[in-house]
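To start, the structure itself, in structure tokens.
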Amino acid sequence: MSTVPGQAIFRDVPEPRRIGLSQKVWNSRFDYLYVAPALIVMLIVIGYPIYYTIELSFFNTPASLALSAKQFNGLDNYVTILTSPVFWKVTWQTVLWTVLSTFFAFMIGLGAALALHREFAGRGVLRALLLIPWVVSAVAASYVWKWLYHSDFGAISAMLTQVGWIDKPINFIDNTNTSLYALIVVNVWKEFSFAMIMLMAGLQTVPDTLLRAAQVDGASPWQRFWHVTFPHLQGVSMVTLLLLAVQNFNSFIIPWIMTGGGPAGSSDIWITHIYQLAFGRQRWGVASAYAVILFIVMMVLGYFYVRALTKGDDARAAG
Amino acid sequence: MHMNTGRRLLGLSMAVLSAATMLTTATTASYAQSVDLSKWSPEYVKSIAGTKQFDAAKDCGAVVPNDYTGSVSYWYTGPFEADPQIAHDQDKAFWEAFKAAYPNITTEVQSITYNELLDKFRTSLLGNSAPAVIRLQILGGVEFAAKGYLQPLKPEDVGYTAADFWPGALKSVTYEGVSYGLPTNNETMAMIWNAKVFKDAGLDPESPPATWDDVVAYSKQINEKLGIPGYGLVAKQNAGNTPFRFMPQLWAYGGGALDEASAEPGYKDVWINNAGSKQALQAAYQMYAVDKSVPTSALTNTQGENQAPFIAGKLGMMIAHPAEYAKMNDLASKATGTDKVVADEVVANMRYGLIPTGPDGKRAVVFGGSNIHVVKPEFVQGGKVDEQAVKALICFWDSPEWSTKLAWVGSNPGNINGFLTDAMKERLDTIKFLDVTTSMLPNGIPFPVIPQAPEIMNIIVPDMLQNALTGNMTVDQAAEDAATKVKAIVDGGGGI
């Protein structure tokens, strides 16, 4: 038997042994043990409610029956929801609410972050002031804004009347055409600080040398922002936008306290509608099916969020 | 007229029934022949107060011996921090008196806030850890009766008769012909107005609007003359305030959600799109959208938000709870500077009157209050209900003396013999306008006693109002849309 020179050396080196999943689990058994309590708690407080909501979504729960006597009705609840014009109206309002709130909160947050990134006198104080909407309780903010907007005695209308710009109070939230937009303004006010903080952190990662080099090469402020700063903010921007979108899809406090979804359903969004179905109307089955639909949407958004968050991890790991 | 005749006959038959029961039931503590519901008026209420003495310990001792040994668990909404001291004192005095009357009965009592009680009770029932006895808001019990959680309970079970309670109140605890509880306290609202605002607007300061059409006209006149809202309309979604204020108007015009305003309601016929309901809706539309004589904020306001403009002299009239006068006094006492001057003037000019009638003279108001219920043993903590202890507690709570004292601040005794007590006399002497709100009781109509009632009253009725007032639908369309929804949920279905 002839030997090819050089090969013998490798033949003697044992190939790396492939470790099976069970072996991996066994090797990390103590790690699993350590996280087990947390996992068990999560299964109880998160897993079980999700399971029960999905189960309930396939049942009819009339007001005259105890929950234990619920009647299986297959996909009827989903059909009821998806064929209802009310659902599609509320869905459109939810999309408007989410997209406009997310977009404007991000853009105002970006502007504030860029402004506060430069050194100037009073920057710290201004930064603290701009953080106030984020730290104020949403419940308190909703009540304050409700009185600012009040259609009879609102502070905004009172001020505008005093300076002579209007002669009667503006109907912000008791008007089907303006109520949703009035709430979006409040939501943007509440959320832009969050975008500002995230983007300020992102701005710290922009290399100063690149900006200076661009300046030396004659780039205008806009060109420096667009070609140097913004590409460095893409990752944090994506995460911020997704977090804002998830938060806005789940919004409840501001619309519920300020208008209760009214007038005439004009400011109803998915969560307020689900809440009213479940707790106002005791329609647990339909409300659960509605919640499952929302859950699926949230999971899709969550997938993109995780992807954005872990983008480049594989490449870094390979490198 | 028919309604009044019917009520007189009902009152008479109740009195006869009471007398018959007295003769045949040895252990009963009934005294109803002393109160004549057919004579009910502010003067009559005053004339009978303080005319009879009762001894709850002795009377209930005839139902459950005072030396009985046992235990009972009980949930209710007792007095909380914001309540006046007298409410705390009476509550404390009740438990001391019960302990003195039944020294061997152990009580396990929880006072739970109004907003939390229903949800907590629902949860406890799912976990078979409910109390043996619970007191719920007037319509709270029907949901649990329909779902099979409550035991049948009728007045005779605890030593009383049907004649000891308001017929409307007994209706509110009867589901499919079976009684599932006893009324503990009942109240009705009334119309309050600011006499100075009326005078400044050129109206008679001492006369409330007699009809709902007058309300529309008065509201318009106040708004035109003074530039302030005339009537405190409330039309918020998902808020109990809305049906409590709109249903009296709907009923007065001959409407209803179902047939709850009829003499023998079956809760099957949908009335929300009948001519009377549409007239009432049209009147609300006239005030909100045409005359613009009510608060624009009515669509997002609850009654609580009408209190501030009223105490500031910026609202002419509104439907209010018996306790509203005390609330206004409280607000006035907290005001300072020029606000205090205005608030004191408003309190001095505050008047209570009967709720207006419809075009045919029909006067109606929501019959409010609370009921006491007994839970089936399988849903109770420990799986047992001590029936004798339960009866003793309910008899004592619903005695003329204690059902009056425990309803001291803003309600009235569930046991109508409470109107004969010294405690009632003291209340009438010390609580201004109590005679007026009390005299609305015979006009009380309970919401439909079906488990779908909360959805009809808190969701569908306000939705109908909002659809019409915002112009989202015409009055006709809004009423028809509401009728379709009511019919669907009564039939066991309903969209979203």
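The way I read the labels, and the way they are meant: chains A, B, ... in the order of the structure tokens, residue 1 as the first residue of every chain, and ligand 1 as the first ligand shown, with later ones counted on from there.
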task: Please report as number ranges by chain which residues of chain A come no farther than 6 Å from chain B, using only C-alpha atoms.
output: A: 63-66, 151, 174, 259, 263-264, 281
Using only C-alpha atoms, please write the residues we just selected to a file, as an mmCIF file, in the first residue's frame.
data_model
loop_
_atom_site.group_PDB
_atom_site.id
_atom_site.type_symbol
_atom_site.label_atom_id
_atom_site.label_comp_id
_atom_site.auth_asym_id
_atom_site.auth_seq_id
_atom_site.Cartn_x
_atom_site.Cartn_y
_atom_site.Cartn_z
ATOM 1 C CA ALA A 63 -73.289 36.249 28.820
ATOM 2 C CA SER A 64 -75.825 33.724 30.106
ATOM 3 C CA LEU A 65 -73.301 30.915 30.572
ATOM 4 C CA ALA A 66 -70.500 30.396 33.041
ATOM 5 C CA SER A 151 -63.980 71.032 24.171
ATOM 6 C CA ASP A 174 -65.314 65.283 20.706
ATOM 7 C CA THR A 259 -61.754 59.266 24.657
ATOM 8 C CA PRO A 263 -66.710 59.502 19.834
ATOM 9 C CA ALA A 264 -68.620 56.931 17.791
ATOM 10 C CA ARG A 281 -69.193 43.282 26.879
#
Got a sec to tell me which of segment 222-426 of chain B DSSP assigns to helix (DSSP H, G or I), as a JSON list (two decimals) with N, CA and C atoms, in the first residue's frame?
[["chain", "number", "residue", "atom", "x", "y", "z"],
["B", 222, "ILE", "N", -81.07, 79.22, 27.99],
["B", 222, "ILE", "CA", -79.92, 79.51, 28.87],
["B", 222, "ILE", "C", -78.67, 79.76, 28.03],
["B", 223, "ASN", "N", -78.48, 78.88, 27.04],
["B", 223, "ASN", "CA", -77.30, 79.02, 26.19],
["B", 223, "ASN", "C", -77.32, 80.32, 25.39],
["B", 224, "GLU", "N", -78.47, 80.65, 24.87],
["B", 224, "GLU", "CA", -78.56, 81.87, 24.06],
["B", 224, "GLU", "C", -78.40, 83.13, 24.92],
["B", 225, "LYS", "N", -78.98, 83.12, 26.12],
["B", 225, "LYS", "CA", -78.93, 84.32, 26.97],
["B", 225, "LYS", "C", -77.59, 84.48, 27.67],
["B", 226, "LEU", "N", -77.03, 83.35, 28.13],
["B", 226, "LEU", "CA", -75.84, 83.45, 28.99],
["B", 226, "LEU", "C", -74.56, 82.89, 28.36],
["B", 241, "ASN", "N", -72.75, 56.23, 33.63],
["B", 241, "ASN", "CA", -73.41, 57.53, 33.75],
["B", 241, "ASN", "C", -74.38, 57.80, 32.61],
["B", 242, "THR", "N", -74.01, 57.36, 31.41],
["B", 242, "THR", "CA", -74.80, 57.70, 30.22],
["B", 242, "THR", "C", -76.21, 57.10, 30.28],
["B", 243, "PRO", "N", -76.36, 55.78, 30.46],
["B", 243, "PRO", "CA", -77.73, 55.26, 30.51],
["B", 243, "PRO", "C", -78.51, 55.76, 31.72],
["B", 244, "PHE", "N", -77.83, 56.03, 32.84],
["B", 244, "PHE", "CA", -78.54, 56.53, 34.02],
["B", 244, "PHE", "C", -79.19, 57.89, 33.74],
["B", 245, "ARG", "N", -78.63, 58.63, 32.77],
["B", 245, "ARG", "CA", -79.19, 59.94, 32.46],
["B", 245, "ARG", "C", -80.03, 59.96, 31.19],
["B", 246, "PHE", "N", -79.73, 59.06, 30.26],
["B", 246, "PHE", "CA", -80.49, 59.08, 29.01],
["B", 246, "PHE", "C", -81.73, 58.19, 29.08],
["B", 247, "MET", "N", -81.67, 57.08, 29.80],
["B", 247, "MET", "CA", -82.82, 56.18, 29.82],
["B", 247, "MET", "C", -84.08, 56.84, 30.39],
["B", 248, "PRO", "N", -83.99, 57.69, 31.44],
["B", 248, "PRO", "CA", -85.21, 58.36, 31.91],
["B", 248, "PRO", "C", -85.90, 59.16, 30.80],
["B", 249, "GLN", "N", -85.07, 59.78, 29.95],
["B", 249, "GLN", "CA", -85.61, 60.55, 28.83],
["B", 249, "GLN", "C", -86.27, 59.60, 27.81],
["B", 250, "LEU", "N", -85.57, 58.52, 27.52],
["B", 250, "LEU", "CA", -86.07, 57.53, 26.56],
["B", 250, "LEU", "C", -87.40, 56.94, 27.05],
["B", 251, "TRP", "N", -87.43, 56.56, 28.31],
["B", 251, "TRP", "CA", -88.66, 55.97, 28.87],
["B", 251, "TRP", "C", -89.80, 56.98, 28.88],
["B", 252, "ALA", "N", -89.46, 58.25, 29.22],
["B", 252, "ALA", "CA", -90.51, 59.27, 29.32],
["B", 252, "ALA", "C", -91.22, 59.48, 27.99],
["B", 275, "ALA", "N", -91.07, 54.65, 18.16],
["B", 275, "ALA", "CA", -91.24, 56.10, 17.94],
["B", 275, "ALA", "C", -90.79, 56.91, 19.15],
["B", 276, "GLY", "N", -91.07, 56.42, 20.36],
["B", 276, "GLY", "CA", -90.68, 57.14, 21.58],
["B", 276, "GLY", "C", -89.18, 57.23, 21.71],
["B", 277, "SER", "N", -88.50, 56.12, 21.45],
["B", 277, "SER", "CA", -87.02, 56.13, 21.56],
["B", 277, "SER", "C", -86.43, 57.11, 20.56],
["B", 278, "LYS", "N", -87.00, 57.11, 19.36],
["B", 278, "LYS", "CA", -86.46, 58.02, 18.33],
["B", 278, "LYS", "C", -86.72, 59.48, 18.70],
["B", 279, "GLN", "N", -87.89, 59.73, 19.32],
["B", 279, "GLN", "CA", -88.19, 61.11, 19.76],
["B", 279, "GLN", "C", -87.17, 61.57, 20.81],
["B", 280, "ALA", "N", -86.86, 60.67, 21.73],
["B", 280, "ALA", "CA", -85.90, 61.02, 22.78],
["B", 280, "ALA", "C", -84.53, 61.28, 22.18],
["B", 281, "LEU", "N", -84.15, 60.44, 21.23],
["B", 281, "LEU", "CA", -82.85, 60.61, 20.57],
["B", 281, "LEU", "C", -82.83, 61.91, 19.78],
["B", 282, "GLN", "N", -83.95, 62.21, 19.16],
["B", 282, "GLN", "CA", -84.06, 63.45, 18.38],
["B", 282, "GLN", "C", -83.89, 64.66, 19.31],
["B", 283, "ALA", "N", -84.48, 64.57, 20.51],
["B", 283, "ALA", "CA", -84.36, 65.68, 21.48],
["B", 283, "ALA", "C", -82.91, 65.88, 21.89],
["B", 284, "ALA", "N", -82.21, 64.77, 22.12],
["B", 284, "ALA", "CA", -80.78, 64.88, 22.48],
["B", 284, "ALA", "C", -79.99, 65.47, 21.32],
["B", 285, "TYR", "N", -80.32, 65.01, 20.10],
["B", 285, "TYR", "CA", -79.65, 65.53, 18.90],
["B", 285, "TYR", "C", -79.90, 67.02, 18.75],
["B", 286, "GLN", "N", -81.15, 67.42, 19.02],
["B", 286, "GLN", "CA", -81.51, 68.85, 18.91],
["B", 286, "GLN", "C", -80.62, 69.69, 19.84],
["B", 287, "MET", "N", -80.46, 69.22, 21.08],
["B", 287, "MET", "CA", -79.67, 69.99, 22.05],
["B", 287, "MET", "C", -78.18, 70.00, 21.67],
["B", 288, "TYR", "N", -77.66, 68.84, 21.22],
["B", 288, "TYR", "CA", -76.21, 68.75, 20.99],
["B", 288, "TYR", "C", -75.79, 69.32, 19.64],
["B", 289, "ALA", "N", -76.49, 68.87, 18.60],
["B", 289, "ALA", "CA", -76.01, 69.19, 17.25],
["B", 289, "ALA", "C", -76.67, 70.43, 16.64],
["B", 290, "VAL", "N", -77.93, 70.68, 16.99],
["B", 290, "VAL", "CA", -78.62, 71.81, 16.36],
["B", 290, "VAL", "C", -78.50, 73.07, 17.22],
["B", 296, "THR", "N", -70.13, 70.57, 24.66],
["B", 296, "THR", "CA", -69.57, 69.86, 23.50],
["B", 296, "THR", "C", -68.85, 68.61, 23.97],
["B", 297, "SER", "N", -68.29, 68.71, 25.18],
["B", 297, "SER", "CA", -67.51, 67.60, 25.73],
["B", 297, "SER", "C", -68.37, 66.44, 26.22],
["B", 298, "ALA", "N", -69.68, 66.51, 25.97],
["B", 298, "ALA", "CA", -70.59, 65.45, 26.46],
["B", 298, "ALA", "C", -70.18, 64.07, 25.96],
["B", 299, "LEU", "N", -69.51, 64.02, 24.81],
["B", 299, "LEU", "CA", -69.18, 62.72, 24.22],
["B", 299, "LEU", "C", -68.02, 62.04, 24.93],
["B", 304, "GLY", "N", -69.11, 63.18, 36.51],
["B", 304, "GLY", "CA", -68.14, 63.84, 37.39],
["B", 304, "GLY", "C", -67.60, 65.12, 36.79],
["B", 305, "GLU", "N", -67.46, 65.13, 35.46],
["B", 305, "GLU", "CA", -66.90, 66.30, 34.80],
["B", 305, "GLU", "C", -67.93, 67.41, 34.60],
["B", 306, "ASN", "N", -69.18, 67.14, 34.92],
["B", 306, "ASN", "CA", -70.20, 68.20, 34.91],
["B", 306, "ASN", "C", -70.22, 68.96, 36.23],
["B", 307, "GLN", "N", -69.63, 68.34, 37.27],
["B", 307, "GLN", "CA", -69.69, 68.97, 38.59],
["B", 307, "GLN", "C", -68.91, 70.29, 38.62],
["B", 308, "ALA", "N", -67.73, 70.29, 37.96],
["B", 308, "ALA", "CA", -66.90, 71.50, 38.00],
["B", 308, "ALA", "C", -67.62, 72.69, 37.37],
["B", 309, "PRO", "N", -68.16, 72.55, 36.12],
["B", 309, "PRO", "CA", -68.88, 73.71, 35.58],
["B", 309, "PRO", "C", -70.13, 74.08, 36.39],
["B", 310, "PHE", "N", -70.77, 73.09, 37.00],
["B", 310, "PHE", "CA", -71.98, 73.42, 37.77],
["B", 310, "PHE", "C", -71.62, 74.26, 38.99],
["B", 311, "ILE", "N", -70.59, 73.84, 39.70],
["B", 311, "ILE", "CA", -70.22, 74.58, 40.92],
["B", 311, "ILE", "C", -69.61, 75.94, 40.57],
["B", 324, "GLU", "N", -75.53, 64.51, 45.41],
["B", 324, "GLU", "CA", -74.90, 65.61, 44.66],
["B", 324, "GLU", "C", -74.83, 66.90, 45.49],
["B", 325, "TYR", "N", -75.85, 67.12, 46.29],
["B", 325, "TYR", "CA", -75.85, 68.35, 47.11],
["B", 325, "TYR", "C", -74.68, 68.34, 48.09],
["B", 326, "ALA", "N", -74.48, 67.18, 48.71],
["B", 326, "ALA", "CA", -73.36, 67.05, 49.65],
["B", 326, "ALA", "C", -72.03, 67.24, 48.90],
["B", 327, "LYS", "N", -71.97, 66.71, 47.68],
["B", 327, "LYS", "CA", -70.75, 66.83, 46.88],
["B", 327, "LYS", "C", -70.48, 68.29, 46.55],
["B", 328, "MET", "N", -71.52, 69.01, 46.17],
["B", 328, "MET", "CA", -71.37, 70.43, 45.83],
["B", 328, "MET", "C", -70.94, 71.24, 47.06],
["B", 329, "ASN", "N", -71.51, 70.89, 48.20],
["B", 329, "ASN", "CA", -71.10, 71.54, 49.44],
["B", 329, "ASN", "C", -69.63, 71.29, 49.71],
["B", 330, "ASP", "N", -69.22, 70.06, 49.46],
["B", 330, "ASP", "CA", -67.82, 69.68, 49.68],
["B", 330, "ASP", "C", -66.91, 70.48, 48.74],
["B", 331, "LEU", "N", -67.33, 70.58, 47.46],
["B", 331, "LEU", "CA", -66.52, 71.33, 46.49],
["B", 331, "LEU", "C", -66.45, 72.80, 46.90],
["B", 332, "ALA", "N", -67.58, 73.32, 47.35],
["B", 332, "ALA", "CA", -67.61, 74.74, 47.76],
["B", 332, "ALA", "C", -66.70, 74.97, 48.96],
["B", 333, "SER", "N", -66.68, 74.00, 49.86],
["B", 333, "SER", "CA", -65.86, 74.18, 51.06],
["B", 333, "SER", "C", -64.36, 74.16, 50.73],
["B", 334, "LYS", "N", -64.02, 73.53, 49.61],
["B", 334, "LYS", "CA", -62.60, 73.45, 49.24],
["B", 334, "LYS", "C", -62.17, 74.62, 48.34],
["B", 337, "GLY", "N", -60.87, 82.06, 47.57],
["B", 337, "GLY", "CA", -60.94, 83.37, 46.89],
["B", 337, "GLY", "C", -62.27, 83.61, 46.22],
["B", 338, "THR", "N", -62.18, 84.13, 44.96],
["B", 338, "THR", "CA", -63.43, 84.43, 44.24],
["B", 338, "THR", "C", -64.17, 83.16, 43.85],
["B", 339, "ASP", "N", -63.42, 82.07, 43.66],
["B", 339, "ASP", "CA", -64.07, 80.78, 43.36],
["B", 339, "ASP", "C", -65.02, 80.40, 44.50],
["B", 340, "LYS", "N", -64.57, 80.67, 45.71],
["B", 340, "LYS", "CA", -65.36, 80.32, 46.90],
["B", 340, "LYS", "C", -66.67, 81.11, 46.91],
["B", 341, "VAL", "N", -66.58, 82.37, 46.54],
["B", 341, "VAL", "CA", -67.78, 83.21, 46.52],
["B", 341, "VAL", "C", -68.78, 82.64, 45.52],
["B", 342, "VAL", "N", -68.28, 82.31, 44.32],
["B", 342, "VAL", "CA", -69.15, 81.76, 43.28],
["B", 342, "VAL", "C", -69.74, 80.43, 43.74],
["B", 343, "ALA", "N", -68.87, 79.55, 44.29],
["B", 343, "ALA", "CA", -69.33, 78.22, 44.69],
["B", 343, "ALA", "C", -70.39, 78.31, 45.78],
["B", 344, "ASP", "N", -70.17, 79.19, 46.75],
["B", 344, "ASP", "CA", -71.17, 79.34, 47.82],
["B", 344, "ASP", "C", -72.50, 79.84, 47.26],
["B", 345, "GLU", "N", -72.40, 80.72, 46.29],
["B", 345, "GLU", "CA", -73.62, 81.24, 45.67],
["B", 345, "GLU", "C", -74.37, 80.14, 44.92],
["B", 346, "VAL", "N", -73.60, 79.28, 44.25],
["B", 346, "VAL", "CA", -74.23, 78.17, 43.51],
["B", 346, "VAL", "C", -74.93, 77.23, 44.48],
["B", 347, "VAL", "N", -74.24, 76.90, 45.59],
["B", 347, "VAL", "CA", -74.85, 75.99, 46.57],
["B", 347, "VAL", "C", -76.14, 76.60, 47.12],
["B", 348, "ALA", "N", -76.10, 77.90, 47.38],
["B", 348, "ALA", "CA", -77.30, 78.57, 47.90],
["B", 348, "ALA", "C", -78.44, 78.57, 46.87],
["B", 377, "PRO", "N", -73.01, 26.58, 47.57],
["B", 377, "PRO", "CA", -71.89, 26.07, 48.38],
["B", 377, "PRO", "C", -70.67, 25.64, 47.55],
["B", 378, "GLU", "N", -70.91, 25.04, 46.38],
["B", 378, "GLU", "CA", -69.76, 24.52, 45.61],
["B", 378, "GLU", "C", -68.80, 25.61, 45.13],
["B", 379, "PHE", "N", -69.25, 26.86, 45.15],
["B", 379, "PHE", "CA", -68.37, 27.95, 44.71],
["B", 379, "PHE", "C", -67.79, 28.74, 45.89],
["B", 381, "GLN", "N", -65.64, 29.24, 49.44],
["B", 381, "GLN", "CA", -64.43, 28.76, 50.13],
["B", 381, "GLN", "C", -64.82, 27.70, 51.17],
["B", 382, "GLY", "N", -64.27, 26.51, 51.06],
["B", 382, "GLY", "CA", -64.59, 25.45, 52.00],
["B", 382, "GLY", "C", -65.77, 24.59, 51.56],
["B", 383, "GLY", "N", -66.48, 25.01, 50.52],
["B", 383, "GLY", "CA", -67.56, 24.20, 49.96],
["B", 383, "GLY", "C", -68.82, 24.13, 50.81],
["B", 387, "GLU", "N", -76.39, 28.07, 56.34],
["B", 387, "GLU", "CA", -77.64, 28.75, 55.97],
["B", 387, "GLU", "C", -78.24, 29.61, 57.08],
["B", 388, "GLN", "N", -78.17, 29.12, 58.31],
["B", 388, "GLN", "CA", -78.75, 29.88, 59.41],
["B", 388, "GLN", "C", -77.98, 31.18, 59.65],
["B", 389, "ALA", "N", -76.65, 31.07, 59.61],
["B", 389, "ALA", "CA", -75.84, 32.28, 59.81],
["B", 389, "ALA", "C", -76.07, 33.28, 58.68],
["B", 390, "VAL", "N", -76.21, 32.74, 57.47],
["B", 390, "VAL", "CA", -76.46, 33.59, 56.30],
["B", 390, "VAL", "C", -77.80, 34.32, 56.48],
["B", 391, "LYS", "N", -78.82, 33.58, 56.90],
["B", 391, "LYS", "CA", -80.15, 34.18, 57.09],
["B", 391, "LYS", "C", -80.11, 35.26, 58.18],
["B", 392, "ALA", "N", -79.38, 34.97, 59.24],
["B", 392, "ALA", "CA", -79.30, 35.95, 60.33],
["B", 392, "ALA", "C", -78.68, 37.25, 59.83],
["B", 393, "LEU", "N", -77.60, 37.12, 59.06],
["B", 393, "LEU", "CA", -76.91, 38.32, 58.56],
["B", 393, "LEU", "C", -77.82, 39.11, 57.62],
["B", 394, "ILE", "N", -78.47, 38.41, 56.69],
["B", 394, "ILE", "CA", -79.30, 39.11, 55.71],
["B", 394, "ILE", "C", -80.52, 39.74, 56.38],
["B", 395, "CYS", "N", -81.13, 39.01, 57.33],
["B", 395, "CYS", "CA", -82.27, 39.56, 58.06],
["B", 395, "CYS", "C", -81.86, 40.84, 58.79],
["B", 396, "PHE", "N", -80.71, 40.79, 59.41],
["B", 396, "PHE", "CA", -80.24, 41.94, 60.20],
["B", 396, "PHE", "C", -79.91, 43.12, 59.30],
["B", 397, "TRP", "N", -79.19, 42.81, 58.21],
["B", 397, "TRP", "CA", -78.78, 43.88, 57.28],
["B", 397, "TRP", "C", -80.01, 44.55, 56.67],
["B", 400, "PRO", "N", -85.54, 47.10, 58.97],
["B", 400, "PRO", "CA", -85.88, 48.52, 58.75],
["B", 400, "PRO", "C", -84.82, 49.46, 59.31],
["B", 401, "GLU", "N", -84.37, 49.17, 60.52],
["B", 401, "GLU", "CA", -83.40, 50.06, 61.17],
["B", 401, "GLU", "C", -82.07, 50.10, 60.41],
["B", 402, "TRP", "N", -81.50, 48.91, 60.14],
["B", 402, "TRP", "CA", -80.15, 48.90, 59.58],
["B", 402, "TRP", "C", -80.12, 49.17, 58.08],
["B", 403, "SER", "N", -81.17, 48.78, 57.38],
["B", 403, "SER", "CA", -81.13, 49.11, 55.94],
["B", 403, "SER", "C", -81.26, 50.62, 55.75],
["B", 404, "THR", "N", -81.79, 51.32, 56.75],
["B", 404, "THR", "CA", -81.84, 52.79, 56.70],
["B", 404, "THR", "C", -80.48, 53.38, 57.09],
["B", 405, "LYS", "N", -79.96, 52.90, 58.20],
["B", 405, "LYS", "CA", -78.71, 53.49, 58.69],
["B", 405, "LYS", "C", -77.53, 53.22, 57.75],
["B", 416, "ILE", "N", -88.73, 48.91, 52.88],
["B", 416, "ILE", "CA", -89.47, 50.19, 52.88],
["B", 416, "ILE", "C", -89.97, 50.58, 54.27],
["B", 417, "ASN", "N", -89.98, 49.63, 55.20],
["B", 417, "ASN", "CA", -90.37, 50.00, 56.57],
["B", 417, "ASN", "C", -89.31, 50.90, 57.21],
["B", 418, "GLY", "N", -88.17, 50.94, 56.58],
["B", 418, "GLY", "CA", -87.13, 51.84, 57.06],
["B", 418, "GLY", "C", -87.57, 53.30, 57.02],
["B", 419, "PHE", "N", -88.52, 53.59, 56.12],
["B", 419, "PHE", "CA", -89.02, 54.96, 56.02],
["B", 419, "PHE", "C", -89.80, 55.39, 57.27],
["B", 420, "LEU", "N", -90.16, 54.38, 58.10],
["B", 420, "LEU", "CA", -90.92, 54.71, 59.32],
["B", 420, "LEU", "C", -89.99, 55.00, 60.50],
["B", 422, "ASP", "N", -86.89, 56.26, 63.13],
["B", 422, "ASP", "CA", -86.32, 57.53, 63.61],
["B", 422, "ASP", "C", -85.11, 57.93, 62.78],
["B", 423, "ALA", "N", -84.37, 56.91, 62.34],
["B", 423, "ALA", "CA", -83.17, 57.19, 61.54],
["B", 423, "ALA", "C", -83.56, 57.90, 60.25],
["B", 424, "MET", "N", -84.69, 57.49, 59.66],
["B", 424, "MET", "CA", -85.13, 58.14, 58.42],
["B", 424, "MET", "C", -85.51, 59.59, 58.70],
["B", 425, "LYS", "N", -86.17, 59.80, 59.83],
["B", 425, "LYS", "CA", -86.56, 61.17, 60.20],
["B", 425, "LYS", "C", -85.31, 62.05, 60.34],
["B", 426, "GLU", "N", -84.32, 61.48, 61.01],
["B", 426, "GLU", "CA", -83.08, 62.24, 61.20],
["B", 426, "GLU", "C", -82.42, 62.56, 59.86]]
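In this comparison, which uses only C-alpha atoms, the residue of B:Glu260, B:Leu406, B:Leu139, B:Ser293 approaching Asp89 of chain B most closely is B:Leu406.
Residues surrounding Phe87 of chain A within 12 Å are A:Tyr78, A:Val79, A:Thr80, A:Ile81, A:Leu82, A:Thr83, A:Ser84, A:Val90, A:Thr91, A:Trp92, A:Gln93, A:Thr94, A:Gly265, A:Asp268, A:Ile269, A:Trp270, A:Ile271, A:Thr272, A:His273, A:Ile274, A:Leu277, A:Val286, A:Ala287, A:Tyr290, A:Ile293, A:Leu294, B:Gly495, B:Ile496 [only C-alpha atoms; sequence separation below 3 positions excluded].
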statement: Expressed in Å, the length from atom CA of Arg118 of chain A to atom CA of Ile132 of chain A is 20.4 Å
- prompt: Which of segment 7-253 of chain B counts as strand (DSSP E) under DSSP, as an MDAnalysis selection string please?
  reply: chainID B and resid 70:76 105:111 133:137 174:175 178:179 182:187 190:194
Closest contacts (segment 394-458 of chain B/segment 190-214 of chain B, max 12 Å, only C-alpha atoms) as a Markdown table:
| residue | atom | partner | partner_atom | distance |
| --- | --- | --- | --- | --- |
| B:Phe433 | CA | B:Ala190 | CA | 9.6 |
| B:Leu434 | CA | B:Ala190 | CA | 10.0 |
| B:Asp435 | CA | B:Ala190 | CA | 10.7 |
| B:Val436 | CA | B:Ala190 | CA | 7.4 |
| B:Thr437 | CA | B:Ala190 | CA | 5.5 |
| B:Thr438 | CA | B:Ala190 | CA | 8.9 |
| B:Ser439 | CA | B:Ala190 | CA | 9.3 |
| B:Met440 | CA | B:Ala190 | CA | 7.1 |
| B:Leu441 | CA | B:Ala190 | CA | 10.0 |
| B:Asn443 | CA | B:Ala190 | CA | 10.8 |
| B:Gly444 | CA | B:Ala190 | CA | 11.0 |
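Atom CA of Met258 of chain A is found 29.2 Å from atom CA of Ala113 of chain A.
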query: Between A:Gln234, A:Ser267, A:Asn171, A:Gln162, which is the closest to Met198 of chain A once you count only C-alpha atoms?
result: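 The shortest atom-to-atom distance to Met198 of chain A comes from A:Gln234.
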field: Shell of 12 Å around Ile112 of chain B, only C-alpha atoms, local chain residues under 3 positions omitted, as a VMD selection string
entry: chain B and resid 74 to 80 109 115 to 121 134 to 136
Near-Glu81 of chain B list (12 Å; only C-alpha atoms; drop same-chain fewer than 4 positions) as a PDB file with C-alpha atoms, in the first residue's frame:
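Written file, around.pdb:
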ATOM      1  CA  GLN B  85     -67.512  59.928  58.833  1.00  0.00           C
ATOM      2  CA  ILE B  86     -71.147  59.019  59.439  1.00  0.00           C
ATOM      3  CA  ALA B  87     -70.922  56.229  56.874  1.00  0.00           C
ATOM      4  CA  HIS B  88     -67.941  54.783  58.779  1.00  0.00           C
ATOM      5  CA  SER B 111     -65.015  45.588  52.040  1.00  0.00           C
ATOM      6  CA  THR B 113     -64.235  48.992  46.193  1.00  0.00           C
TER       7      THR B 113
END
query: Could you state the separation of atom CA of Tyr68 of chain B and atom CA of Ala101 of chain B in Å, given to one decimal place?
result: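 Calculated distance between atom CA of Tyr68 of chain B and atom CA of Ala101 of chain B is 10.0 Å.
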